[in-house]
Every structure is written in C-alpha cells, then in structure tokens.
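Trainee: Data: start.cif, mmCIF, C-alpha atoms and all ligand atoms.
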data_coords
loop_
_atom_site.label_atom_id
_atom_site.label_comp_id
_atom_site.auth_asym_id
_atom_site.auth_seq_id
_atom_site.Cartn_x
_atom_site.Cartn_y
_atom_site.Cartn_z
CA MET K 13 -13.98 5.16 -23.25
CA SER K 14 -13.01 4.59 -19.66
CA LYS K 15 -15.19 2.20 -17.67
CA LYS K 16 -16.62 4.95 -15.55
CA ASP K 17 -17.83 6.86 -18.62
CA TYR K 18 -19.61 4.06 -20.40
CA LEU K 19 -21.25 2.83 -17.22
CA LYS K 20 -22.63 6.24 -16.30
CA ASP K 21 -25.88 5.68 -18.17
CA ALA K 22 -25.89 1.89 -17.93
CA LYS K 23 -28.80 0.11 -16.30
CA LEU K 24 -28.34 -1.67 -12.98
CA SER K 25 -28.76 -5.00 -14.76
CA THR K 26 -25.66 -4.13 -16.80
CA ARG K 27 -23.64 -2.84 -13.86
CA VAL K 28 -24.35 -5.94 -11.80
CA ILE K 29 -22.59 -7.95 -14.52
CA ASN K 30 -19.77 -5.51 -15.15
CA ILE K 31 -18.38 -4.74 -11.69
CA GLY K 32 -15.07 -6.53 -11.14
CA ILE K 33 -14.96 -8.00 -14.67
CA ASP K 34 -11.67 -7.64 -16.50
CA THR K 35 -9.86 -6.03 -13.56
CA ASP K 36 -7.21 -8.69 -12.84
CA THR K 37 -3.78 -7.20 -13.39
CA ALA K 38 -1.78 -10.37 -12.67
CA HIS K 39 -3.12 -12.56 -15.52
CA GLY K 40 -5.95 -10.68 -17.19
CA ALA K 41 -8.53 -13.10 -15.75
CA VAL K 42 -11.96 -12.00 -16.99
CA MET K 43 -13.68 -13.17 -13.80
CA PRO K 44 -12.25 -11.73 -10.59
CA PRO K 45 -10.28 -14.51 -8.89
CA ILE K 46 -11.14 -15.81 -5.43
CA TYR K 47 -8.60 -14.90 -2.74
CA LEU K 48 -8.60 -17.48 0.03
CA SER K 49 -5.45 -16.31 1.82
CA SER K 50 -6.09 -15.27 5.40
CA ASN K 51 -3.18 -12.83 5.42
CA TYR K 52 -1.27 -10.46 3.15
CA THR K 53 2.36 -9.37 3.26
CA PHE K 54 3.46 -5.87 4.14
CA GLU K 55 5.60 -4.39 1.38
CA GLY K 56 8.11 -3.49 4.04
CA PHE K 57 8.40 -1.79 7.41
CA GLY K 58 5.36 0.42 7.97
CA LYS K 59 4.18 -0.23 4.42
CA LYS K 60 0.78 -1.87 4.59
CA ARG K 61 -0.94 -2.84 1.34
CA THR K 62 -4.69 -2.51 0.76
CA PHE K 63 -5.29 -5.76 2.65
CA ASP K 64 -3.50 -7.19 5.66
CA TYR K 65 -5.81 -9.71 7.33
CA ALA K 66 -8.95 -11.28 5.83
CA ARG K 67 -11.27 -10.64 8.78
CA SER K 68 -10.83 -6.91 8.15
CA GLY K 69 -10.65 -7.01 4.36
CA ASN K 70 -10.61 -9.46 1.45
CA PRO K 71 -10.55 -8.68 -2.29
CA THR K 72 -13.31 -11.17 -3.18
CA ARG K 73 -15.58 -9.80 -0.44
CA GLU K 74 -14.80 -6.27 -1.69
CA VAL K 75 -16.09 -7.01 -5.20
CA VAL K 76 -19.41 -8.47 -4.04
CA SER K 77 -19.89 -5.63 -1.55
CA GLU K 78 -19.36 -3.16 -4.40
CA VAL K 79 -22.01 -4.92 -6.49
CA ILE K 80 -24.60 -4.94 -3.70
CA ALA K 81 -23.94 -1.30 -2.74
CA GLU K 82 -24.33 -0.33 -6.40
CA LEU K 83 -27.59 -2.29 -6.71
CA GLU K 84 -29.07 -0.56 -3.68
CA GLY K 85 -27.70 2.88 -4.48
CA GLY K 86 -25.58 3.00 -1.32
CA ILE K 87 -22.00 4.16 -0.99
CA GLY K 88 -20.75 0.83 0.31
CA ALA K 89 -21.77 -2.41 1.95
CA VAL K 90 -20.50 -4.56 4.79
CA MET K 91 -20.72 -8.26 3.87
CA THR K 92 -21.48 -10.48 6.84
CA ALA K 93 -21.57 -14.21 7.60
CA SER K 94 -25.39 -14.25 7.70
CA GLY K 95 -28.40 -12.00 7.39
CA MET K 96 -28.77 -12.10 11.17
CA ALA K 97 -25.17 -10.88 11.55
CA ALA K 98 -25.92 -7.94 9.25
CA ILE K 99 -29.01 -7.03 11.30
CA ASP K 100 -27.10 -7.42 14.57
CA LEU K 101 -24.50 -4.93 13.31
CA LEU K 102 -27.24 -2.28 13.31
CA TRP K 103 -27.51 -2.41 17.11
CA GLN K 104 -23.78 -2.60 17.91
CA PRO K 105 -22.99 1.14 18.00
CA LEU K 106 -26.14 2.10 19.97
CA GLU K 107 -25.41 3.50 23.41
CA LYS K 108 -27.42 3.86 26.58
CA GLY K 109 -29.69 6.89 26.41
CA ASN K 110 -30.05 6.65 22.62
CA ASN K 111 -30.87 3.02 21.95
CA ARG K 112 -34.59 3.00 21.28
CA VAL K 113 -35.49 0.68 18.39
CA VAL K 114 -38.89 0.57 16.71
CA ALA K 115 -39.45 -2.66 14.76
CA PRO K 116 -42.35 -4.24 12.87
CA HIS K 117 -44.55 -6.54 14.99
CA ASP K 118 -44.49 -9.08 12.16
CA CYS K 119 -40.78 -8.96 11.26
CA TYR K 120 -38.77 -12.06 10.34
CA GLY K 121 -38.78 -14.58 13.22
CA GLY K 122 -35.00 -14.62 13.59
CA THR K 123 -35.02 -10.83 13.78
CA GLN K 124 -37.63 -10.96 16.54
CA ARG K 125 -35.58 -13.50 18.48
CA GLN K 126 -32.48 -11.31 18.15
CA LEU K 127 -34.29 -8.08 19.05
CA ASN K 128 -35.85 -9.74 22.12
CA ALA K 129 -32.46 -11.10 23.21
CA ARG K 130 -30.72 -7.74 22.73
CA ALA K 131 -33.53 -5.96 24.60
CA LYS K 132 -33.29 -8.44 27.48
CA GLN K 133 -29.59 -7.66 27.75
CA GLY K 134 -30.37 -3.95 27.86
CA LEU K 135 -28.46 -3.22 24.63
CA ILE K 136 -31.62 -1.77 23.09
CA ASP K 137 -34.92 -0.35 24.24
CA LEU K 138 -37.41 -2.18 22.03
CA VAL K 139 -40.87 -1.25 20.76
CA TYR K 140 -42.85 -3.37 18.29
CA VAL K 141 -45.49 -1.72 16.17
CA ASP K 142 -47.91 -2.64 13.40
CA GLN K 143 -46.35 -0.51 10.68
CA GLY K 144 -49.54 -0.59 8.64
CA ASP K 145 -51.39 1.22 11.45
CA ASP K 146 -50.71 4.97 11.11
CA ALA K 147 -51.89 5.89 14.62
CA ALA K 148 -49.77 3.16 16.22
CA VAL K 149 -46.71 4.23 14.21
CA LEU K 150 -47.17 7.88 15.22
CA LYS K 151 -47.45 6.86 18.85
CA ALA K 152 -44.37 4.61 18.69
CA LEU K 153 -42.38 7.41 17.05
CA SER K 154 -43.57 10.15 19.40
CA GLN K 155 -40.43 9.62 21.50
CA PRO K 156 -36.85 10.13 20.32
CA THR K 157 -35.80 6.95 18.53
CA ALA K 158 -32.36 5.71 17.49
CA MET K 159 -33.36 3.23 14.80
CA LEU K 160 -36.50 2.40 12.87
CA LEU K 161 -36.48 -1.03 11.23
CA ILE K 162 -38.86 -1.67 8.34
CA GLU K 163 -39.59 -4.92 6.52
CA THR K 164 -41.80 -4.98 3.43
CA PRO K 165 -43.40 -7.16 2.14
CA SER K 166 -43.90 -9.03 5.39
CA ASN K 167 -43.38 -12.73 5.93
CA PRO K 168 -45.52 -14.81 5.37
CA LEU K 169 -48.61 -12.67 4.68
CA MET K 170 -47.00 -10.30 2.19
CA ARG K 171 -48.33 -7.15 3.85
CA VAL K 172 -46.84 -4.09 2.17
CA VAL K 173 -46.10 -0.89 4.11
CA ASP K 174 -45.52 2.62 2.77
CA LEU K 175 -41.75 3.15 2.65
CA GLN K 176 -41.85 6.88 1.95
CA LYS K 177 -44.28 7.60 4.75
CA LEU K 178 -42.49 5.45 7.34
CA ILE K 179 -39.01 6.68 6.46
CA ASP K 180 -40.13 10.32 6.75
CA LEU K 181 -41.78 9.64 10.11
CA GLY K 182 -38.65 7.84 11.33
CA HIS K 183 -36.45 10.78 10.40
CA LYS K 184 -38.82 13.19 12.15
CA ALA K 185 -38.34 11.13 15.34
CA GLY K 186 -34.59 11.55 14.94
CA ALA K 187 -34.11 7.92 13.96
CA LYS K 188 -31.93 6.36 11.32
CA VAL K 189 -34.01 4.07 9.16
CA ALA K 190 -33.00 0.56 8.11
CA VAL K 191 -35.02 -1.53 5.64
CA ASP K 192 -34.77 -5.31 5.39
CA ASN K 193 -35.05 -5.74 1.61
CA THR K 194 -34.57 -9.51 1.53
CA PHE K 195 -38.01 -10.45 0.20
CA LEU K 196 -37.85 -8.38 -2.99
CA SER K 197 -34.12 -7.90 -3.60
CA PRO K 198 -32.63 -4.70 -5.05
CA ALA K 199 -33.93 -5.74 -8.47
CA LEU K 200 -37.49 -4.93 -7.35
CA GLN K 201 -37.20 -2.41 -4.49
CA ASN K 202 -34.66 0.26 -3.59
CA PRO K 203 -35.43 1.72 -0.14
CA ILE K 204 -32.56 4.23 -0.39
CA LYS K 205 -34.54 6.00 -3.13
CA PHE K 206 -37.16 6.73 -0.45
CA GLY K 207 -34.53 8.03 1.96
CA ALA K 208 -33.54 4.92 3.93
CA ASP K 209 -30.19 5.23 5.71
CA PHE K 210 -29.47 1.49 5.61
CA VAL K 211 -30.58 -1.55 3.70
CA VAL K 212 -30.02 -5.00 5.14
CA HIS K 213 -30.15 -8.29 3.28
CA SER K 214 -30.08 -11.93 3.94
CA THR K 215 -28.00 -12.56 0.80
CA THR K 216 -28.83 -16.23 1.49
CA LYS K 217 -32.07 -15.58 -0.40
CA TYR K 218 -32.48 -13.85 -3.80
CA ILE K 219 -29.06 -12.18 -3.97
CA ASN K 220 -27.15 -15.46 -3.94
CA GLY K 221 -30.21 -17.23 -5.27
CA HIS K 222 -28.91 -20.80 -5.35
CA SER K 223 -29.54 -22.00 -1.78
CA ASP K 224 -25.89 -22.80 -1.14
CA VAL K 225 -24.65 -19.85 0.95
CA ILE K 226 -25.64 -18.23 4.25
CA GLY K 227 -24.73 -14.55 4.12
CA GLY K 228 -25.80 -11.00 4.75
CA ALA K 229 -25.15 -7.42 3.76
CA LEU K 230 -25.54 -4.04 5.42
CA VAL K 231 -25.63 -1.25 2.84
CA CYS K 232 -24.74 2.25 4.09
CA THR K 233 -25.43 5.68 2.62
CA THR K 234 -22.73 7.76 4.32
CA ALA K 235 -18.98 7.29 4.50
CA GLU K 236 -19.16 7.81 8.25
CA ASP K 237 -21.61 4.94 8.76
CA LEU K 238 -19.71 2.68 6.37
CA THR K 239 -16.51 3.21 8.37
CA LEU K 240 -18.38 2.69 11.63
CA TYR K 241 -20.07 -0.57 10.60
CA ARG K 242 -16.94 -1.95 8.92
CA TRP K 243 -15.17 -1.30 12.20
CA TRP K 244 -17.87 -3.17 14.12
CA ALA K 245 -17.93 -6.12 11.69
CA ASN K 246 -14.17 -6.44 12.10
CA CYS K 247 -14.40 -5.94 15.84
CA VAL K 248 -16.98 -8.69 16.41
CA GLY K 249 -15.61 -10.86 13.59
CA SER K 250 -18.81 -11.27 11.60
CA THR K 251 -17.45 -10.52 8.12
CA ALA K 252 -18.32 -12.90 5.27
CA PRO K 253 -15.94 -15.73 4.31
CA ALA K 254 -14.10 -15.48 0.97
CA PHE K 255 -15.62 -18.58 -0.58
CA ASP K 256 -19.15 -17.50 0.33
CA SER K 257 -18.41 -14.07 -1.12
CA TYR K 258 -17.26 -15.72 -4.34
CA LEU K 259 -20.42 -17.85 -4.61
CA THR K 260 -22.61 -14.84 -3.80
CA LEU K 261 -20.87 -12.80 -6.50
CA ARG K 262 -21.49 -15.64 -8.97
CA GLY K 263 -25.14 -15.78 -7.91
CA VAL K 264 -25.92 -12.05 -7.94
CA ARG K 265 -24.79 -11.67 -11.56
CA THR K 266 -28.03 -13.37 -12.66
CA LEU K 267 -30.33 -11.67 -10.13
CA PHE K 268 -32.33 -9.66 -12.66
CA VAL K 269 -33.10 -12.52 -15.06
CA ARG K 270 -33.90 -14.90 -12.23
CA ILE K 271 -36.36 -12.60 -10.52
CA LYS K 272 -37.97 -11.56 -13.79
CA GLN K 273 -38.79 -15.19 -14.60
CA GLN K 274 -39.69 -16.10 -11.02
CA GLN K 275 -42.19 -13.30 -10.60
CA GLN K 276 -43.80 -14.02 -13.95
CA SER K 277 -44.38 -17.61 -12.80
CA ALA K 278 -45.50 -16.37 -9.38
CA GLN K 279 -48.23 -14.24 -10.93
CA ALA K 280 -49.53 -17.26 -12.87
CA VAL K 281 -49.41 -19.50 -9.78
CA ALA K 282 -51.17 -16.87 -7.62
CA GLU K 283 -53.95 -16.45 -10.18
CA TYR K 284 -54.35 -20.22 -10.42
CA LEU K 285 -54.58 -20.58 -6.63
CA GLU K 286 -57.04 -17.72 -6.34
CA SER K 287 -59.42 -19.53 -8.69
CA HIS K 288 -59.10 -22.88 -6.88
CA PRO K 289 -62.17 -24.00 -4.90
CA VAL K 290 -60.24 -25.41 -1.89
CA VAL K 291 -58.26 -22.18 -1.42
CA SER K 292 -59.88 -19.49 0.71
CA LYS K 293 -57.32 -16.70 0.35
CA VAL K 294 -54.16 -15.91 -1.59
CA PHE K 295 -51.67 -13.34 -0.31
CA TYR K 296 -49.68 -12.00 -3.28
CA PRO K 297 -49.19 -8.27 -3.94
CA GLY K 298 -49.53 -8.86 -7.69
CA LEU K 299 -53.20 -9.79 -7.29
CA LYS K 300 -55.83 -7.04 -7.57
CA SER K 301 -57.43 -8.54 -4.44
CA HIS K 302 -54.32 -7.76 -2.36
CA PRO K 303 -55.15 -4.86 0.01
CA GLN K 304 -51.91 -3.01 -0.80
CA HIS K 305 -51.77 -3.88 -4.50
CA ASP K 306 -51.66 -0.21 -5.56
CA LEU K 307 -49.01 0.71 -2.99
CA ALA K 308 -46.88 -2.27 -4.08
CA ALA K 309 -47.27 -1.24 -7.72
CA ARG K 310 -46.14 2.28 -6.79
CA GLN K 311 -43.09 1.57 -4.66
CA GLN K 312 -41.88 -1.74 -6.10
CA ALA K 313 -40.54 -2.51 -9.59
CA GLY K 314 -42.38 -5.86 -9.48
CA PHE K 315 -44.40 -8.05 -7.16
CA GLY K 316 -41.75 -10.65 -6.40
CA ALA K 317 -41.99 -14.41 -6.21
CA MET K 318 -43.15 -15.04 -2.64
CA MET K 319 -46.76 -15.74 -1.72
CA SER K 320 -48.88 -17.52 0.80
CA PHE K 321 -52.35 -19.04 0.65
CA GLU K 322 -54.90 -20.45 3.02
CA LEU K 323 -56.72 -23.74 2.62
CA LYS K 324 -60.42 -23.84 3.52
CA GLY K 325 -59.83 -27.21 5.20
CA GLY K 326 -57.31 -25.78 7.70
CA LEU K 327 -54.57 -27.89 9.24
CA ASP K 328 -56.03 -31.25 8.11
CA ALA K 329 -56.03 -30.10 4.50
CA VAL K 330 -52.48 -28.80 4.91
CA LYS K 331 -51.26 -32.20 6.15
CA ALA K 332 -52.95 -33.99 3.24
CA VAL K 333 -51.44 -31.60 0.69
CA LEU K 334 -47.94 -31.75 2.18
CA ASP K 335 -48.09 -35.56 2.17
CA VAL K 336 -48.45 -35.69 -1.60
CA VAL K 337 -47.01 -32.45 -2.99
CA ASP K 338 -44.20 -32.92 -5.49
CA LEU K 339 -41.88 -30.54 -7.36
CA PHE K 340 -42.04 -28.10 -4.40
CA SER K 341 -39.61 -29.10 -1.64
CA LEU K 342 -40.95 -28.89 1.90
CA ALA K 343 -38.26 -26.62 3.30
CA GLU K 344 -37.62 -23.26 4.94
CA SER K 345 -35.77 -20.40 3.26
CA LEU K 346 -36.61 -18.76 -0.06
CA GLY K 347 -35.30 -17.05 -3.14
CA GLY K 348 -33.47 -19.98 -4.72
CA VAL K 349 -33.78 -21.52 -8.19
CA GLU K 350 -35.87 -24.34 -6.68
CA SER K 351 -39.48 -23.93 -5.61
CA LEU K 352 -40.26 -24.38 -1.93
CA ILE K 353 -43.36 -24.87 0.18
CA VAL K 354 -43.49 -24.15 3.87
CA HIS K 355 -46.07 -24.42 6.66
CA PRO K 356 -45.33 -21.22 8.63
CA ALA K 357 -47.24 -22.20 11.80
CA SER K 358 -45.14 -25.35 12.39
CA MET K 359 -41.92 -24.38 10.60
CA THR K 360 -40.69 -20.80 9.99
CA HIS K 361 -42.92 -19.24 12.66
CA ALA K 362 -43.00 -22.12 15.17
CA ALA K 363 -41.16 -20.02 17.78
CA MET K 364 -44.16 -17.66 17.98
CA SER K 365 -46.79 -18.49 20.62
CA PRO K 366 -50.22 -19.57 19.30
CA GLU K 367 -51.58 -16.20 20.48
CA ALA K 368 -48.85 -14.29 18.65
CA GLN K 369 -49.49 -16.38 15.53
CA ALA K 370 -53.19 -15.61 15.74
CA THR K 371 -52.51 -11.86 16.13
CA ALA K 372 -50.19 -11.97 13.12
CA GLY K 373 -52.83 -13.84 11.08
CA ILE K 374 -50.81 -17.04 10.73
CA THR K 375 -53.38 -19.83 10.75
CA GLY K 376 -52.93 -23.60 10.66
CA GLY K 377 -54.26 -23.65 7.11
CA LEU K 378 -51.63 -21.26 5.76
CA LEU K 379 -48.90 -22.36 3.31
CA ARG K 380 -46.10 -20.20 1.89
CA LEU K 381 -44.50 -20.67 -1.53
CA SER K 382 -41.17 -19.51 -2.89
CA ILE K 383 -41.43 -19.75 -6.67
CA GLY K 384 -38.27 -20.95 -8.37
CA LEU K 385 -37.17 -21.27 -11.98
CA GLU K 386 -39.09 -24.39 -12.99
CA ASP K 387 -41.62 -23.91 -15.79
CA ALA K 388 -44.79 -22.25 -14.48
CA ASP K 389 -47.01 -24.88 -16.16
CA ASP K 390 -45.24 -27.64 -14.25
CA LEU K 391 -45.55 -25.75 -10.96
CA ILE K 392 -49.28 -25.29 -11.51
CA LYS K 393 -49.68 -28.97 -12.42
CA ALA K 394 -47.87 -29.93 -9.20
CA LEU K 395 -50.20 -27.74 -7.14
CA ALA K 396 -53.24 -29.10 -8.99
CA ARG K 397 -52.17 -32.68 -8.15
CA ALA K 398 -51.59 -31.79 -4.50
CA LEU K 399 -54.81 -29.80 -4.05
CA SER K 400 -56.88 -32.55 -5.66
CA VAL K 401 -56.57 -34.65 -2.47
CA VAL K 402 -58.54 -32.22 -0.31
C1 LIG K 501 -33.73 -15.20 6.10
C2 LIG K 501 -34.02 -13.83 6.53
C3 LIG K 501 -33.21 -13.17 7.46
C4 LIG K 501 -32.04 -13.85 8.15
O1 LIG K 501 -31.02 -14.15 7.27
P1 LIG K 501 -30.00 -15.37 7.48
O2 LIG K 501 -29.15 -15.30 6.26
O3 LIG K 501 -30.83 -16.62 7.55
O4 LIG K 501 -29.26 -15.12 8.74
C5 LIG K 501 -33.52 -11.86 7.80
N1 LIG K 501 -34.58 -11.23 7.24
C6 LIG K 501 -35.40 -11.84 6.36
C7 LIG K 501 -36.55 -11.08 5.80
C8 LIG K 501 -35.15 -13.15 5.97
O5 LIG K 501 -35.97 -13.75 5.09
#
As a first step, turn the structure in this file into structure tokens.
Mentor:
Amino acid sequence: MSKKDYLKDAKLSTRVINIGIDTDTAHGAVMPPIYLSSNYTFEGFGKKRTFDYARSGNPTREVVSEVIAELEGGIGAVMTASGMAAIDLLWQPLEKGNNRVVAPHDCYGGTQRQLNARAKQGLIDLVYVDQGDDAAVLKALSQPTAMLLIETPSNPLMRVVDLQKLIDLGHKAGAKVAVDNTFLSPALQNPIKFGADFVVHSTTKYINGHSDVIGGALVCTTAEDLTLYRWWANCVGSTAPAFDSYLTLRGVRTLFVRIKQQQQSAQAVAEYLESHPVVSKVFYPGLKSHPQHDLAARQQAGFGAMMSFELKGGLDAVKAVLDVVDLFSLAESLGGVESLIVHPASMTHAAMSPEAQATAGITGGLLRLSIGLEDADDLIKALARALSVV
C-alpha cells in the first residue's frame, strides 16, 4: 500500500509520528535528517531546486510545518522564530481602510503588548472585547472587521469561549478568524473544525513540550493565505531556525501521550486543590464547578493541563507557599515535561496595571500551575507540603 492509502483512515496520533519517517533517499535514514546549510546549489543556469536559501525554505522546517498543519487540519503552516512572530505575521498584510482587529480583552500579555504597539503605529485599528459577553461581542463586530483573534482557554483564569459562535459572528462581520490554540494544543482542540481561517501557536509550549525551544506556527486553510504568509515570513525574516525546527519535530512526536498523562494528573491536582481548606477557588475546566465546564467538554477533546487557584490568605499566603514549594519550579512558560508554578500578578501579567489586573480577575492570591509529567501523587504531596505553611 502506498503511504497515502494506509494513512487515509489513520488517527492523528499515528500521523504525527509517521510524517517524514522513512523518506530519506540519500541513505534511507528512518528519522528525517536535520539540514543546517544556509544555502543550496542551483542545478545549473536557471535551474533552481526546491530550496535555495534557508530563510525562504528549509527541509527540516518543512517537515515540522507539515506535521503541525496536519494536526490542525490546515493546508500548510508557516513556522516562525517565536509565537509572537507567528501572531505578528497576522497583521503584516493588513492595509489602511481594512485593518480593524478585534481581540480578547484577556489575551496573552505578549499579544496585548504587540497589539498595542501595532495600533500605536497605525498598522491596525484595535478593539478589545470580553469574548464571553455576547452583547459586547456583537457591538464590537457591528463594524466591518479585518481580523478576529480568539484565545481559549484564557490565561490565567481558564475562561472558555464558544468557538463556533465567535467564528460565525466574525465571518458575518467580514473578518478572517484566527485562534491562538497554544493552551490546549491540536491534540485537544481543533479550531479549524469550527471554521477558523488561521490557527496560531507558541510551539514553545505543548507542541515542542520540552522547554528548550522558542518557536511559533501560523496554520493556514487556503493556498492563497499560505502563499501570502510564507511571503511575509520570508520578507520580514521571521522563519524558524533549522535546529529549532528539528527539536520541535522531535518534541511534537510525543504530543498525544504527553498531554494525555498531563491532563490526567491535572484533573487529580485540581480536585485535590478544590478540597483544600486554604484554597478559595480553583480555575480548571475539568471541574464541574467551572462555569464553562459543559462548553469545554463540548468543544475540546480534553481539559488540558493548565489551571490556576486562589489562596484565601491572598498575597501573604502566596509568598509563604512560594518560599517552600518544591517539585514545581517557580518559572514562567508552560506545556513542558516539568511542572511549573507562577504568580501571574507579579510575573506573567506584571505588565498589566493593577486596575487592568483587577478587571481581568487576577488577584494577588492567584497562582497558576502547568502540570508536567511527574507522578500525580508526588505533585499532590508537593502541594500538600507547600500549602501546610499557610
Ligand atoms: C507563550 C504564548 C505566546 C507567545 O509565544 P512565544 O513563543 O513566547 O513568543 C502566545 N500566546 C500564548 C497563549 C502563549 O502562551
């Protein structure tokens, strides 16, 4: 059977392993080799090969882009040097007169910084909206819009918004719709199934999964957009390096098993925290108490491995816990094999004003966890030790 035939009915978890395997014609290498060369010879006068210069194209980057496009159900992906570079590509082709962008009021901090900077320059006309508020969304989309950006679940409070509803409303306003799918990964959520035109990723997080690469991806659904955004990535020089592409390819092969284990542990940790007397609230879509639990169950293939929780003792309790907590590293980022703990108000969301933090619901007593691949019992023991001091 040819590859194409036997993969037709294969699950995504099989295809993520299979793409690029056993394709090397030079030596029959099972794993696709890494190509570090910055340039490629022409066969002769006027005879360009597939690749000429590595900013525009690189075989290692091609394989990982194929995997990510396949995972998201897109027709291709542009691999970038960071998640922020992938998001910035979205705005590049917008032109005066059709550059209105509607974005979530609680989107990733780096995205907010970029959107604000691009708006200040006049590259985009920016509107923030609470995407969980139907009336506010309708109002924001009552004018012609070029791009609607969606992020779900939100960071750090894990608010879930209705992809189908928002994507349909975006299209009605004439917008293209892009979804930042970093928090769940394509193993748990596929926005293109709901009609999204683009999916963006910080591949730094679950897709690479080992906290050793900064990278991004922009997945497209039409050949026209893929050509356009590849052109822009080459034009501004934001394409992903070969070595990072190689590491990301190595990481993404295990995405499904990692996330399966991580979210199983996350559910156990969330239930433990919810029952703990010093914890006032736990924000995890897998809990029945989560306000969008049913929506998450409907549109996601799992609840993921990110959560946040609030300590009754506020900032003082947070300081005491962070002084003694072990096993969880006190660090930003997420989605790696190692568990992390973060204090959003002073770390990931420190750039937000106190008022903006209050509006977003980010209190001094809030902590965010990224659950890694350690044994769940050990993670719970570590939290029990840390919470015993307050
Ligand atoms: C980390 C992150 C980004 C930015 O990605 P980088 O790889 O750090 O540039 C964008 N969106 C979300 C949701 C993120 O978590």
Trainee: To one decimal place, how far is CA of Asp146 in chain K from CA of Val114 in chain K in Å?
Mentor: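 A separation of 13.8 Å between them.
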Trainee: Please identify all protein, DNA and RNA residues within 6 Å of ligand LIG 501 (chain K), counting all atoms listed in the file, and report them as a list in words.
Mentor: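 Using all atoms listed in the file, I find these residues within 6 Å of ligand LIG 501 (chain K): Ser94, Gly95, Met96, Tyr120, Thr194, Phe195, Ser214, Thr216, Ile226, Gly227 and Gly228 of chain K.
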Trainee: How many Å separate CA of Gln126 in chain K from CA of His361 in chain K?
Mentor: 14.2 Å
Trainee: Kindly give the distance, in Å, that separates CA of Gly376 in chain K and CA of Gly325 in chain K, rounded to a single decimal.
Mentor: 9.5 Å
Trainee: May I have the residues within 9 Å of Glu74 in chain K as an mmCIF file with C-alpha atoms, in the frame of the given file, using all atoms listed in the file and disregarding those fewer than 6 positions away in the same chain?
Mentor:
data_model
loop_
_atom_site.group_PDB
_atom_site.id
_atom_site.type_symbol
_atom_site.label_atom_id
_atom_site.label_comp_id
_atom_site.auth_asym_id
_atom_site.auth_seq_id
_atom_site.Cartn_x
_atom_site.Cartn_y
_atom_site.Cartn_z
ATOM 1 C CA ALA K 89 -21.770 -2.410 1.950
ATOM 2 C CA VAL K 90 -20.500 -4.560 4.790
ATOM 3 C CA MET K 91 -20.720 -8.260 3.870
ATOM 4 C CA SER K 257 -18.410 -14.070 -1.120
#
Trainee: In the coordinates of the file, take the point (-20.3, -4.6, 11.4) and a cut-off of 9 Å; then, counting all atoms listed in the file, name each qualifying protein, DNA or RNA residue as number ranges by chain.
Mentor: K: 90-92, 97-98, 100-102, 104, 230, 238, 240-251
Trainee: Mind dumping the selected residues with C-alpha atoms as a compact mmCIF listing (two decimals), in the frame of the given file?
Mentor:
# COMPACT_ATOMS: atom_id res chain seq x y z
CA VAL K 90 -20.50 -4.56 4.79
CA MET K 91 -20.72 -8.26 3.87
CA THR K 92 -21.48 -10.48 6.84
CA ALA K 97 -25.17 -10.88 11.55
CA ALA K 98 -25.92 -7.94 9.25
CA ASP K 100 -27.10 -7.42 14.57
CA LEU K 101 -24.50 -4.93 13.31
CA LEU K 102 -27.24 -2.28 13.31
CA GLN K 104 -23.78 -2.60 17.91
CA LEU K 230 -25.54 -4.04 5.42
CA LEU K 238 -19.71 2.68 6.37
CA LEU K 240 -18.38 2.69 11.63
CA TYR K 241 -20.07 -0.57 10.60
CA ARG K 242 -16.94 -1.95 8.92
CA TRP K 243 -15.17 -1.30 12.20
CA TRP K 244 -17.87 -3.17 14.12
CA ALA K 245 -17.93 -6.12 11.69
CA ASN K 246 -14.17 -6.44 12.10
CA CYS K 247 -14.40 -5.94 15.84
CA VAL K 248 -16.98 -8.69 16.41
CA GLY K 249 -15.61 -10.86 13.59
CA SER K 250 -18.81 -11.27 11.60
CA THR K 251 -17.45 -10.52 8.12
Trainee: So which one's closest to Pro44 in chain K, K:Tyr218, K:Tyr140, K:Phe63, K:Tyr258? Using all atoms listed in the file, please.
Mentor: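 Closest to Pro44 in chain K of all the choices is K:Tyr258.
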Trainee: Just checking: using only C-alpha atoms, which residue out of K:Arg73, K:Arg171, K:Arg130, K:Lys188 ends up closest to Leu307 in chain K?
Mentor: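 Nearest to Leu307 in chain K: K:Arg171.
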Trainee: Here is a test: counting all atoms listed in the file, which residue of K:Ile179, K:Ala235, K:Ala22, K:Val401 is nearest to Asp328 in chain K?
Mentor: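 Ranking K:Ile179, K:Ala235, K:Ala22, K:Val401 by distance to Asp328 in chain K, first place goes to K:Val401.
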Trainee: Around (-43.0, -15.1, -8.5) in the file's frame, which residues reach within 10 Å when counting only C-alpha atoms? Return as a list in words?
Mentor: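 Neighbouring residues, ordered by chain and number, come to Arg270, Ile271, Lys272, Gln273, Gln274, Gln275, Gln276, Ser277, Ala278, Gln279, Ala280, Val281, Ala282, Tyr296, Gly298, Gly314, Phe315, Gly316, Ala317, Met318, Met319, Gly347, Ser351, Leu381, Ser382, Ile383, Gly384, Leu385 and Ala388 of chain K.
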Trainee: May I ask which of the residues K:Met359, K:Ala199, K:Ala343, K:Ala308 is the closest one to Ile219 in chain K, counting only C-alpha atoms?
Mentor: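 Nearest to Ile219 in chain K: K:Ala199.
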Trainee: Using all atoms listed in the file, which of K:Asp145, K:Glu350, K:Glu286, K:Asp306 sits nearest Asp224 in chain K?
Mentor: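 Counting all atoms listed in the file, the residue closest to Asp224 in chain K is K:Glu350.
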Trainee: Would you mind telling me which residue in K:Pro116, K:Ser301, K:Val333, K:Thr375 lies nearest to Arg397 in chain K when using only C-alpha atoms?
Mentor: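 Once distances to Arg397 in chain K are computed over only C-alpha atoms, the minimum belongs to K:Val333.
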Trainee: Around all the atoms of range 257-269 of chain K listed in the file, with 5 Å of room on each side, what axis-aligned box do you get, giving centre and edge lengths in Å to one decimal, as AutoDock Vina command-line options?
Mentor:
--center_x -25.2 --center_y -13.8 --center_z -8.1 --size_x 25.8 --size_y 18.2 --size_z 23.9
Trainee: Please list as a list in words every residue within 12 Å of Ser365 in chain K, counting only C-alpha atoms and excluding residues in the same chain fewer than 6 positions away.
Mentor: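 What passes the distance filter is Gly121, Ala357, Ser358, Thr371, Ala372, Ile374 and Thr375 of chain K.
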Trainee: Quick one: everything within 12 Å of Gly86 in chain K, counting only C-alpha atoms, minus sequence neighbours fewer than 4 positions away in the same chain. Send it as a ChimeraX atom specification.
Mentor: /K:77-82,90,198,202-205,207-212,229-235,237-238
Trainee: Using only C-alpha atoms, which residues sit within 12 Å of range 37-43 of chain K once same-chain residues fewer than 2 positions away are excluded, as an MDAnalysis selection string?
Mentor: chainID K and resid 29:35 45:46 72 75 258 261:262 265
